[in-house]
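Structure file data_22.txt; described as compact mmCIF, C-alpha atoms and all ligand atoms.
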# COMPACT_ATOMS: atom_id res chain seq x y z
CA MET A 1 113.40 -96.61 195.98
CA PRO A 2 113.72 -98.06 199.48
CA GLU A 3 112.10 -95.93 202.19
CA LEU A 4 114.17 -96.13 205.33
CA PRO A 5 112.53 -96.14 208.78
CA GLU A 6 114.98 -93.52 210.07
CA GLU A 7 117.69 -91.21 208.76
CA PRO A 8 121.18 -92.61 208.08
CA VAL A 9 123.96 -91.27 210.32
CA ASN A 10 125.93 -88.49 208.63
CA ARG A 11 128.15 -86.25 210.71
CA GLU A 12 131.55 -84.63 210.78
CA PRO A 13 133.60 -83.75 213.86
CA ASP A 14 134.64 -80.30 215.00
CA ILE A 15 137.51 -79.38 212.68
CA ALA A 16 139.85 -78.03 215.38
CA ARG A 17 139.41 -81.21 217.38
CA LEU A 18 139.90 -83.35 214.26
CA THR A 19 143.23 -81.77 213.46
CA SER A 20 144.50 -81.79 217.04
CA THR A 21 145.92 -85.29 216.44
CA PHE A 22 147.78 -86.80 213.48
CA LEU A 23 145.93 -90.12 213.80
CA THR A 24 142.19 -89.61 213.99
CA PRO A 25 140.69 -91.41 217.00
CA THR A 26 137.82 -93.62 215.85
CA HIS A 27 135.19 -91.63 217.75
CA ASP A 28 136.28 -88.45 215.93
CA ALA A 29 136.07 -89.98 212.44
CA TYR A 30 133.24 -88.62 210.25
CA ASP A 31 130.32 -90.90 209.42
CA ARG A 32 128.83 -91.19 205.95
CA ASN A 33 125.97 -93.62 205.35
CA HIS A 34 123.52 -93.99 202.51
CA GLY A 35 121.46 -96.42 204.59
CA LEU A 36 121.06 -97.65 208.15
CA GLN A 37 123.99 -99.43 209.73
CA PRO A 38 123.67 -103.24 209.88
CA HIS A 39 124.81 -105.16 212.97
CA LEU A 40 126.57 -108.19 211.54
CA ASP A 41 127.68 -111.36 213.33
CA ALA A 42 131.39 -111.90 212.74
CA ALA A 43 131.00 -115.58 213.63
CA THR A 44 128.80 -116.23 210.59
CA HIS A 45 129.64 -113.36 208.21
CA GLN A 46 131.33 -114.28 204.94
CA VAL A 47 132.84 -112.43 202.01
CA ARG A 48 132.20 -114.15 198.69
CA VAL A 49 134.83 -113.64 195.99
CA ASP A 50 133.46 -114.39 192.54
CA GLY A 51 133.17 -113.23 188.92
CA ALA A 52 136.11 -113.80 186.58
CA VAL A 53 138.03 -116.01 189.00
CA ALA A 54 139.21 -119.62 188.82
CA HIS A 55 137.99 -120.43 192.35
CA ILE A 56 134.97 -118.87 194.02
CA LEU A 57 135.91 -118.20 197.65
CA ASN A 58 133.61 -117.89 200.64
CA LEU A 59 135.85 -116.33 203.24
CA SER A 60 134.86 -116.32 206.90
CA MET A 61 136.23 -113.68 209.22
CA ALA A 62 138.51 -116.40 210.62
CA ASN A 63 139.82 -117.04 207.11
CA LEU A 64 140.54 -113.34 206.65
CA ALA A 65 142.13 -113.14 210.08
CA ASN A 66 144.33 -116.23 209.78
CA ASP A 67 144.90 -117.33 206.19
CA PHE A 68 146.54 -114.19 204.84
CA GLU A 69 149.40 -111.98 205.86
CA HIS A 70 148.13 -108.75 207.39
CA HIS A 71 149.20 -105.35 206.22
CA GLU A 72 148.92 -101.99 207.91
CA VAL A 73 148.29 -98.67 206.21
CA VAL A 74 147.85 -95.13 207.53
CA CYS A 75 145.80 -93.18 205.03
CA ALA A 76 143.49 -90.25 204.66
CA LEU A 77 139.95 -91.36 203.87
CA GLN A 78 137.69 -88.60 202.69
CA CYS A 79 134.22 -88.23 201.36
CA ALA A 80 134.30 -86.91 197.78
CA GLY A 81 131.91 -84.24 199.09
CA ASN A 82 134.41 -82.91 201.64
CA ARG A 83 134.54 -79.07 201.33
CA ARG A 84 131.20 -79.03 199.49
CA HIS A 85 130.19 -76.08 201.68
CA THR A 86 132.98 -74.01 200.17
CA MET A 87 131.91 -74.90 196.64
CA ARG A 88 128.28 -74.00 197.26
CA THR A 89 129.01 -70.74 199.06
CA LYS A 90 131.89 -69.52 196.85
CA LEU A 91 130.66 -70.72 193.48
CA LYS A 92 127.00 -71.75 193.29
CA GLU A 93 124.43 -73.93 195.07
CA VAL A 94 124.97 -77.70 194.73
CA GLN A 95 123.07 -80.84 195.74
CA GLY A 96 124.33 -82.91 198.66
CA ILE A 97 125.08 -82.92 202.38
CA ASP A 98 126.58 -79.60 203.41
CA TRP A 99 129.96 -80.97 204.49
CA THR A 100 132.47 -78.41 205.64
CA ASP A 101 136.13 -79.48 205.83
CA ALA A 102 135.97 -82.35 208.32
CA ALA A 103 134.56 -85.20 206.19
CA VAL A 104 138.05 -86.71 206.28
CA MET A 105 139.90 -88.97 208.70
CA ASN A 106 143.52 -90.07 208.94
CA CYS A 107 143.42 -93.54 210.50
CA LYS A 108 145.46 -96.71 210.74
CA TRP A 109 143.88 -99.76 209.07
CA ARG A 110 144.97 -103.42 209.11
CA GLY A 111 143.93 -106.55 207.27
CA PRO A 112 144.78 -108.78 204.30
CA ARG A 113 145.81 -107.18 201.04
CA LEU A 114 143.11 -107.45 198.38
CA SER A 115 145.84 -108.51 195.94
CA ASP A 116 146.58 -111.62 198.05
CA VAL A 117 142.90 -112.55 198.21
CA LEU A 118 142.55 -112.11 194.44
CA GLU A 119 145.66 -114.17 193.87
CA ARG A 120 144.11 -117.04 195.83
CA ALA A 121 140.92 -116.78 193.74
CA GLY A 122 142.94 -116.62 190.50
CA ILE A 123 141.99 -114.00 187.90
CA ILE A 124 140.94 -115.60 184.61
CA LEU A 125 140.76 -112.52 182.38
CA ALA A 126 142.97 -112.03 179.32
CA GLU A 127 145.64 -109.35 179.70
CA GLU A 128 143.78 -106.76 177.57
CA GLU A 129 140.64 -107.35 179.59
CA GLN A 130 142.55 -106.89 182.82
CA GLU A 131 143.51 -103.36 181.79
CA THR A 132 139.90 -102.14 181.89
CA ALA A 133 138.36 -104.61 184.36
CA HIS A 134 137.09 -103.57 187.77
CA VAL A 135 136.80 -105.19 191.16
CA ALA A 136 133.30 -104.57 192.50
CA PHE A 137 132.67 -104.40 196.24
CA ALA A 138 129.20 -104.85 197.68
CA CYS A 139 127.21 -104.77 200.87
CA HIS A 140 123.77 -106.37 200.69
CA ALA A 141 123.15 -106.25 204.45
CA THR A 142 121.17 -103.02 204.46
CA PRO A 143 119.19 -101.09 201.84
CA CYS A 144 120.21 -97.54 200.89
CA GLN A 145 118.18 -94.45 200.10
CA GLU A 146 118.63 -94.78 196.34
CA ASP A 147 119.30 -98.48 195.84
CA THR A 148 118.54 -101.77 197.54
CA TRP A 149 122.25 -102.39 198.29
CA TYR A 150 125.52 -100.43 198.42
CA GLY A 151 128.32 -101.00 195.95
CA ALA A 152 131.30 -99.47 194.22
CA SER A 153 134.23 -100.63 192.15
CA THR A 154 137.86 -99.78 191.54
CA PRO A 155 140.08 -100.70 188.56
CA LEU A 156 141.46 -104.25 188.80
CA ALA A 157 144.98 -103.06 187.97
CA ARG A 158 145.03 -100.95 191.11
CA CYS A 159 143.59 -103.76 193.24
CA LEU A 160 146.33 -106.12 192.03
CA ALA A 161 149.20 -103.71 192.68
CA PRO A 162 150.62 -104.43 196.14
CA ALA A 163 151.98 -100.86 196.25
CA ALA A 164 148.43 -99.48 196.01
CA ASP A 165 147.82 -100.87 199.52
CA VAL A 166 144.18 -101.79 198.95
CA ILE A 167 143.25 -103.84 202.01
CA LEU A 168 140.27 -105.65 203.49
CA ALA A 169 140.40 -103.95 206.85
CA LEU A 170 139.45 -105.86 209.98
CA HIS A 171 141.10 -103.32 212.30
CA MET A 172 140.88 -99.55 212.58
CA ASN A 173 143.33 -97.82 214.93
CA ASP A 174 144.43 -101.20 216.43
CA GLU A 175 140.89 -102.24 217.39
CA PRO A 176 138.32 -104.36 215.56
CA LEU A 177 136.23 -102.13 213.29
CA THR A 178 133.27 -100.45 214.97
CA VAL A 179 129.78 -101.04 213.57
CA GLY A 180 129.70 -97.49 212.21
CA HIS A 181 132.91 -97.90 210.24
CA GLY A 182 132.07 -101.28 208.70
CA PHE A 183 132.35 -104.16 211.22
CA PRO A 184 133.44 -106.83 210.60
CA VAL A 185 135.22 -105.92 207.33
CA ARG A 186 135.49 -103.00 204.91
CA VAL A 187 137.59 -102.19 201.89
CA VAL A 188 140.19 -99.44 202.30
CA THR A 189 141.37 -97.91 199.03
CA PRO A 190 144.05 -95.30 199.83
CA GLY A 191 144.01 -92.21 197.61
CA ILE A 192 140.54 -93.01 196.31
CA ALA A 193 137.22 -91.38 197.24
CA GLY A 194 135.64 -92.74 200.43
CA ALA A 195 132.58 -93.83 198.45
CA ARG A 196 134.60 -96.79 197.13
CA ALA A 197 135.61 -97.95 200.63
CA VAL A 198 132.62 -100.27 201.04
CA LYS A 199 131.68 -101.04 204.65
CA TRP A 200 130.07 -104.31 205.85
CA LEU A 201 131.64 -105.93 202.80
CA ASP A 202 130.00 -109.20 201.72
CA ARG A 203 130.97 -109.62 198.07
CA ILE A 204 133.98 -108.98 195.85
CA THR A 205 133.42 -109.54 192.13
CA VAL A 206 136.03 -109.41 189.38
CA GLN A 207 134.25 -108.11 186.30
CA THR A 208 134.85 -106.41 182.95
CA ARG A 209 132.71 -103.37 183.84
CA GLU A 210 132.21 -100.97 186.73
CA SER A 211 129.82 -101.67 189.58
CA ASP A 212 126.29 -100.89 188.44
CA ASN A 213 125.25 -99.67 191.89
CA PHE A 214 123.47 -96.29 191.99
CA TYR A 215 126.31 -94.67 193.96
CA MET A 216 128.82 -95.66 191.27
CA GLN A 217 126.69 -94.73 188.25
CA HIS A 218 124.47 -91.83 189.36
CA ASP A 219 126.40 -90.09 192.10
CA TYR A 220 130.04 -89.19 192.89
CA LYS A 221 130.82 -87.81 189.44
CA VAL A 222 132.22 -84.39 188.46
CA LEU A 223 129.45 -83.45 186.04
CA PRO A 224 130.07 -80.69 183.46
CA GLU A 225 128.91 -77.18 184.36
CA ASP A 226 125.83 -77.30 182.14
CA ALA A 227 124.37 -80.13 184.23
CA VAL A 228 122.36 -77.89 186.58
CA ASP A 229 119.48 -80.14 187.66
CA ALA A 230 118.35 -83.76 187.52
CA GLU A 231 117.07 -83.37 183.98
CA SER A 232 120.14 -81.75 182.43
CA ALA A 233 122.39 -84.15 184.35
CA GLY A 234 120.57 -87.14 182.90
CA LYS A 235 122.54 -87.43 179.69
CA TYR A 236 125.88 -87.26 181.46
CA TRP A 237 125.67 -90.11 183.96
CA HIS A 238 126.69 -92.66 181.35
CA THR A 239 129.58 -90.67 179.87
CA VAL A 240 131.27 -88.94 182.81
CA PRO A 241 133.73 -91.17 184.71
CA ALA A 242 133.07 -92.15 188.32
CA VAL A 243 135.33 -90.38 190.82
CA GLN A 244 138.25 -92.55 191.87
CA GLU A 245 141.40 -90.63 192.86
CA MET A 246 140.92 -87.51 194.95
CA PRO A 247 142.70 -84.23 194.05
CA VAL A 248 145.44 -82.46 196.02
CA ASN A 249 143.86 -80.31 198.71
CA SER A 250 144.39 -78.20 201.81
CA THR A 251 142.26 -76.28 204.20
CA ILE A 252 142.80 -73.67 206.90
CA VAL A 253 141.62 -74.80 210.31
CA SER A 254 142.77 -71.79 212.31
CA PRO A 255 142.02 -68.93 212.25
CA ALA A 256 138.38 -69.59 211.46
CA GLU A 257 136.46 -67.50 208.95
CA GLY A 258 135.38 -64.21 210.52
CA ALA A 259 137.66 -64.61 213.54
CA THR A 260 139.41 -61.75 215.32
CA ILE A 261 142.95 -62.69 216.30
CA GLU A 262 145.84 -61.07 218.17
CA ARG A 263 149.34 -60.83 216.73
CA ASP A 264 152.15 -62.21 218.89
CA ALA A 265 155.10 -60.17 220.24
CA GLU A 266 156.84 -60.42 216.83
CA GLY A 267 153.83 -59.09 214.97
CA CYS A 268 152.99 -62.52 213.54
CA VAL A 269 149.92 -64.70 213.41
CA THR A 270 149.82 -68.49 213.37
CA VAL A 271 147.87 -70.25 210.63
CA GLU A 272 147.16 -74.00 210.85
CA GLY A 273 145.54 -76.61 208.66
CA TYR A 274 145.75 -79.96 206.94
CA ALA A 275 146.75 -80.97 203.42
CA LEU A 276 145.99 -84.02 201.28
CA PRO A 277 147.90 -85.41 198.29
CA SER A 278 146.21 -86.40 195.03
CA GLY A 279 145.61 -90.10 194.36
CA ASP A 280 148.83 -92.04 194.86
CA ASN A 281 151.00 -88.91 194.47
CA GLY A 282 151.63 -88.41 198.16
CA PRO A 283 153.04 -87.19 200.31
CA VAL A 284 152.28 -83.48 200.21
CA VAL A 285 155.69 -81.80 199.84
CA GLN A 286 154.77 -78.12 200.21
CA VAL A 287 152.03 -75.96 201.68
CA GLU A 288 152.10 -72.22 201.00
CA VAL A 289 150.09 -69.57 202.82
CA SER A 290 149.14 -66.08 201.65
CA VAL A 291 147.77 -63.24 203.75
CA ASP A 292 147.55 -60.73 200.87
CA GLY A 293 144.98 -62.29 198.60
CA GLY A 294 147.45 -64.57 196.82
CA GLU A 295 150.06 -61.92 195.83
CA THR A 296 152.83 -63.42 197.95
CA TRP A 297 153.18 -66.86 199.47
CA THR A 298 155.17 -68.19 202.41
CA ASN A 299 156.01 -71.84 203.02
CA ALA A 300 154.27 -73.43 205.98
CA GLU A 301 156.08 -75.90 208.20
CA LEU A 302 154.96 -79.47 207.53
CA LEU A 303 154.54 -81.19 210.91
CA ARG A 304 156.18 -84.63 210.90
CA HIS A 305 154.59 -87.59 212.67
CA ASP A 306 155.33 -91.27 213.27
CA GLY A 307 153.42 -93.43 210.84
CA GLU A 308 153.18 -90.80 208.12
CA GLY A 309 153.51 -91.99 204.55
CA LYS A 310 152.42 -91.33 201.01
CA TRP A 311 148.74 -91.87 201.80
CA SER A 312 148.46 -89.85 204.98
CA TRP A 313 147.45 -86.25 205.42
CA MET A 314 149.94 -83.59 206.44
CA LEU A 315 149.24 -81.17 209.26
CA TRP A 316 150.94 -77.80 208.80
CA GLU A 317 151.54 -74.53 210.57
CA ALA A 318 152.80 -71.11 209.45
CA HIS A 319 153.88 -68.00 211.37
CA LEU A 320 153.39 -64.92 209.27
CA PRO A 321 154.16 -61.23 209.87
CA ILE A 322 151.06 -59.20 209.18
CA PRO A 323 149.78 -55.65 209.78
CA GLY A 324 147.53 -55.38 212.86
CA GLY A 325 145.37 -52.58 214.21
CA GLY A 326 142.09 -54.12 213.12
CA ALA A 327 143.17 -54.81 209.53
CA ARG A 328 140.97 -57.33 207.76
CA CYS A 329 142.33 -60.00 205.51
CA THR A 330 141.61 -63.23 203.71
CA ILE A 331 144.13 -66.00 204.24
CA TYR A 332 144.73 -68.66 201.60
CA SER A 333 146.55 -71.99 201.65
CA ARG A 334 147.65 -74.15 198.74
CA ALA A 335 149.28 -77.57 198.81
CA THR A 336 151.56 -79.29 196.32
CA ASP A 337 152.14 -83.05 196.28
CA ARG A 338 155.16 -85.15 195.27
CA ALA A 339 154.04 -85.24 191.61
CA GLY A 340 153.85 -81.43 191.50
CA ASN A 341 150.06 -81.17 191.54
CA THR A 342 148.96 -77.87 193.11
CA GLN A 343 145.55 -76.60 194.14
CA PRO A 344 143.86 -74.14 191.78
CA LYS A 345 142.35 -70.95 193.22
CA GLN A 346 138.92 -72.40 192.58
CA SER A 347 137.96 -75.75 191.13
CA GLN A 348 135.16 -76.64 188.75
CA TRP A 349 131.61 -76.22 189.98
CA ASN A 350 129.61 -79.41 189.61
CA LEU A 351 126.03 -80.24 190.53
CA ARG A 352 126.86 -82.82 193.19
CA GLY A 353 129.56 -80.67 194.74
CA VAL A 354 132.32 -83.26 194.68
CA CYS A 355 136.11 -82.98 194.59
CA TYR A 356 136.30 -79.29 195.57
CA ASN A 357 139.97 -78.41 195.91
CA GLY A 358 140.23 -74.63 195.50
CA TYR A 359 142.65 -72.82 197.82
CA GLY A 360 142.03 -73.28 201.52
CA GLU A 361 140.52 -70.01 202.72
CA ALA A 362 139.85 -68.14 205.94
CA ALA A 363 137.90 -65.06 204.89
CA ASP A 364 137.21 -61.86 206.88
CA VAL A 365 139.84 -62.36 209.54
CA THR A 366 140.46 -59.26 211.70
CA ILE A 367 144.03 -58.82 212.93
CA MET A 368 144.51 -56.89 216.18
N1 LIG B 401 128.06 -100.28 202.81
C1 LIG B 401 128.33 -98.97 202.72
N2 LIG B 401 129.62 -98.59 202.55
C2 LIG B 401 129.92 -97.27 202.45
C3 LIG B 401 128.91 -96.28 202.49
C4 LIG B 401 127.58 -96.70 202.68
O1 LIG B 401 126.64 -95.90 202.74
N3 LIG B 401 127.34 -98.05 202.79
N4 LIG B 401 129.27 -94.94 202.37
C5 LIG B 401 130.50 -94.68 201.62
C6 LIG B 401 130.92 -93.30 201.63
S1 LIG B 401 130.11 -92.26 200.56
C7 LIG B 401 131.97 -92.85 202.38
S2 LIG B 401 132.54 -91.27 202.24
C8 LIG B 401 132.63 -93.74 203.36
C9 LIG B 401 132.52 -93.16 204.75
O2 LIG B 401 133.12 -94.01 205.68
P1 LIG B 401 132.88 -93.78 207.23
O3 LIG B 401 131.39 -93.83 207.51
O4 LIG B 401 133.65 -94.83 207.91
O5 LIG B 401 133.37 -92.39 207.52
O6 LIG B 401 132.05 -95.05 203.38
C10 LIG B 401 131.64 -95.55 202.13
N5 LIG B 401 131.24 -96.93 202.29
MO MO B 402 131.16 -90.18 200.51
Please lay out the structure from this file as structure tokens.
Ligand SMILES: Nc1nc2c(c(=O)[nH]1)N[C@H]1C(S)=C(S)[C@@H](COP(=O)(O)O)O[C@H]1N2
Ligand SMILES: [Mo]
Amino acid sequence: MPELPEEPVNREPDIARLTSTFLTPTHDAYDRNHGLQPHLDAATHQVRVDGAVAHILNLSMANLANDFEHHEVVCALQCAGNRRHTMRTKLKEVQGIDWTDAAVMNCKWRGPRLSDVLERAGIILAEEEQETAHVAFACHATPCQEDTWYGASTPLARCLAPAADVILALHMNDEPLTVGHGFPVRVVTPGIAGARAVKWLDRITVQTRESDNFYMQHDYKVLPEDAVDAESAGKYWHTVPAVQEMPVNSTIVSPAEGATIERDAEGCVTVEGYALPSGDNGPVVQVEVSVDGGETWTNAELLRHDGEGKWSWMLWEAHLPIPGGGARCTIYSRATDRAGNTQPKQSQWNLRGVCYNGYGEAADVTIM
């Protein structure tokens, strides 16, 4: 495996700061890297489109900027390991970076639609093949910790559907991409785990199978509960599907776990957080909050913002009457999306700690 000269950049912002704005400013967006960040030259960089296509394309950044209509999408982009800390502390130890709840960003992206680029290349697969084919995305510019390149893939059907809003992003929050977030071009796959949003994109391949990159085949999978170490996980990597769509989720940002808070003049406390829809089932239509261990639930107010849509997160706030005088409580949140998917109290433990979507929780809060 490649040995890197330094550690890749992996960090998440302060959660209260992150949720203080609907659109995440670029400098507050989490960073997740399996290798060092390459500094690419937009003047010479190209994206090759190949595989089962009639015309191989070598697209310069000028081609991507000028030859296709540009499309804008506001979407939540989250690491599949977001909330891993909750899984490992509530359920059982897992392997992976100890992300809390801020490995998620809600940004505005702009660039050509992947479906338009694929249309220009011309797919040459039979209809039955198209149903199971994938579009593989790759970055060969920098080696990773577990592979010599980074890659992922997403089903072709989704990449061809204009409504799925898969784009080759040249802009993030109205500015050219920063180096850290994939300059000069990255894939943005709304509703799908961040691992598939390949940065520093240099190749798009239409193929009948998934990407064979390490991070597609041997990571980012919800392994069964009896996979408890590398050895017992071994037999599952080839049978368990790679994570694509992320589950419905919510988290409590304030009050923080262990906090002591004052009730207001009406004897209420304010609870705040964010919520995420599952896959393409957005937006979130309801967030409920409980201050009595899940016995009774009260609807939170969903805070509306310009630019919101089916792919974006929802910030929410609830004012709840609650006994004071030093009483201790655990506060829960649970979100429901447009398709009726609701968070479970706890979700399945898995070795890599991905896709945790149990109730949002602020434990041990003291109410004065
Ligand atoms: N080339 C490349 N693309 C990548 C990665 C990477 O390590 N290399 N990390 C992936 C993962 S796991 C996530 S969660 C997102 C993180 O995007 P960000 O760094 O812009 O937050 O990028 C994805 N794209
Ligand atoms: Mo990730």
Using the file's own x, y and z axes, what box holds all listed atoms of stretch 34-49 of chain A with 3 Å on each side, keeping edges along x, y and z, and what are its centre and edge lengths in Å to one decimal, as AutoDock Vina command-line options?
--center_x 127.9 --center_y -105.1 --center_z 204.8 --size_x 19.8 --size_y 28.2 --size_z 23.6
Rank A:Ile204, A:Leu276, A:Val248, A:Ala76 by their smallest atom-to-atom distance to A:Pro344, using all atoms listed in the file, and report the top residue only.
-> A:Val248
Restricting to only C-alpha atoms and all ligand atoms, whichever of A:Glu210, A:Asp67, A:Glu7, A:Asp219 is closest to ligand MO 402 (chain B) is A:Asp219
For atom CA of A:Gly340 and atom CA of A:Ala256, quote the distance in Å rounded to one decimal.
-> 27.9 Å
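Across the model, the gap from atom CA of A:Trp311 to atom CA of A:Pro190 is 6.1 Å.
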May I have the residues within 12 Å of A:His85 as a list of chain:residue names, using all atoms listed in the file and disregarding those fewer than 5 positions away in the same chain?
-> A:Lys90, A:Leu91, A:Lys92, A:Glu93, A:Val94, A:Gln95, A:Gly96, A:Ile97, A:Asp98, A:Trp99, A:Thr100, A:Asp101, A:Ala102, A:Ala103, A:Trp349, A:Arg352, A:Gly353, A:Val354, A:Cys355, A:Tyr356, A:Asn357, A:Gly358
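Put simply, atom CA of A:Gln130 is 21.8 Å away from atom CA of A:Ala193.
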Some atoms are missing, so please complete stretch 63-83 of chain A with N, CA, C and O atoms and return it as a short mmCIF file (atom, residue, chain, number, x, y, z; two decimals), in the frame of the given file.
data_model
loop_
_atom_site.label_atom_id
_atom_site.label_comp_id
_atom_site.auth_asym_id
_atom_site.auth_seq_id
_atom_site.Cartn_x
_atom_site.Cartn_y
_atom_site.Cartn_z
N ASN A 63 138.94 -116.90 208.28
CA ASN A 63 139.82 -117.04 207.11
C ASN A 63 140.59 -115.74 206.87
O ASN A 63 141.81 -115.75 206.66
N LEU A 64 139.87 -114.63 206.90
CA LEU A 64 140.54 -113.34 206.65
C LEU A 64 141.56 -113.03 207.74
O LEU A 64 142.62 -112.47 207.49
N ALA A 65 141.23 -113.44 208.96
CA ALA A 65 142.13 -113.14 210.08
C ALA A 65 143.37 -114.03 210.07
O ALA A 65 144.45 -113.58 210.45
N ASN A 66 143.23 -115.27 209.61
CA ASN A 66 144.33 -116.23 209.78
C ASN A 66 145.02 -116.71 208.52
O ASN A 66 146.16 -117.14 208.58
N ASP A 67 144.34 -116.69 207.38
CA ASP A 67 144.90 -117.33 206.19
C ASP A 67 145.76 -116.42 205.33
O ASP A 67 146.33 -116.87 204.34
N PHE A 68 145.78 -115.14 205.67
CA PHE A 68 146.54 -114.19 204.84
C PHE A 68 147.44 -113.37 205.75
O PHE A 68 147.14 -113.15 206.91
N GLU A 69 148.53 -112.91 205.13
CA GLU A 69 149.40 -111.98 205.86
C GLU A 69 148.64 -110.67 206.05
O GLU A 69 147.89 -110.26 205.16
N HIS A 70 148.82 -110.02 207.18
CA HIS A 70 148.13 -108.75 207.39
C HIS A 70 149.06 -107.58 207.11
O HIS A 70 150.27 -107.67 207.31
N HIS A 71 148.44 -106.51 206.63
CA HIS A 71 149.20 -105.35 206.22
C HIS A 71 148.58 -104.13 206.86
O HIS A 71 147.36 -104.06 207.01
N GLU A 72 149.43 -103.18 207.23
CA GLU A 72 148.92 -101.99 207.91
C GLU A 72 149.12 -100.76 207.03
O GLU A 72 150.17 -100.62 206.41
N VAL A 73 148.14 -99.90 206.99
CA VAL A 73 148.29 -98.67 206.21
C VAL A 73 147.67 -97.49 206.97
O VAL A 73 146.59 -97.62 207.56
N VAL A 74 148.40 -96.38 206.99
CA VAL A 74 147.85 -95.13 207.53
C VAL A 74 147.47 -94.30 206.32
O VAL A 74 148.32 -94.01 205.47
N CYS A 75 146.21 -93.95 206.21
CA CYS A 75 145.80 -93.18 205.03
C CYS A 75 144.69 -92.20 205.37
O CYS A 75 143.94 -92.40 206.32
N ALA A 76 144.62 -91.16 204.57
CA ALA A 76 143.49 -90.25 204.66
C ALA A 76 142.33 -90.92 203.93
O ALA A 76 142.53 -91.52 202.87
N LEU A 77 141.17 -90.86 204.52
CA LEU A 77 139.95 -91.36 203.87
C LEU A 77 138.97 -90.21 203.90
O LEU A 77 138.66 -89.68 204.96
N GLN A 78 138.55 -89.78 202.73
CA GLN A 78 137.69 -88.60 202.69
C GLN A 78 136.48 -88.84 201.81
O GLN A 78 136.54 -89.56 200.83
N CYS A 79 135.39 -88.21 202.21
CA CYS A 79 134.22 -88.23 201.36
C CYS A 79 134.53 -87.33 200.16
O CYS A 79 135.15 -86.27 200.31
N ALA A 80 134.09 -87.74 198.96
CA ALA A 80 134.30 -86.91 197.78
C ALA A 80 133.59 -85.57 197.93
O ALA A 80 133.91 -84.60 197.23
N GLY A 81 132.63 -85.49 198.86
CA GLY A 81 131.91 -84.24 199.09
C GLY A 81 132.55 -83.37 200.16
O GLY A 81 132.00 -82.31 200.51
N ASN A 82 133.72 -83.77 200.68
CA ASN A 82 134.41 -82.91 201.64
C ASN A 82 134.63 -81.53 201.00
O ASN A 82 134.96 -81.44 199.82
N ARG A 83 134.42 -80.47 201.78
CA ARG A 83 134.54 -79.07 201.33
C ARG A 83 133.39 -78.63 200.39
O ARG A 83 133.48 -77.58 199.75
#
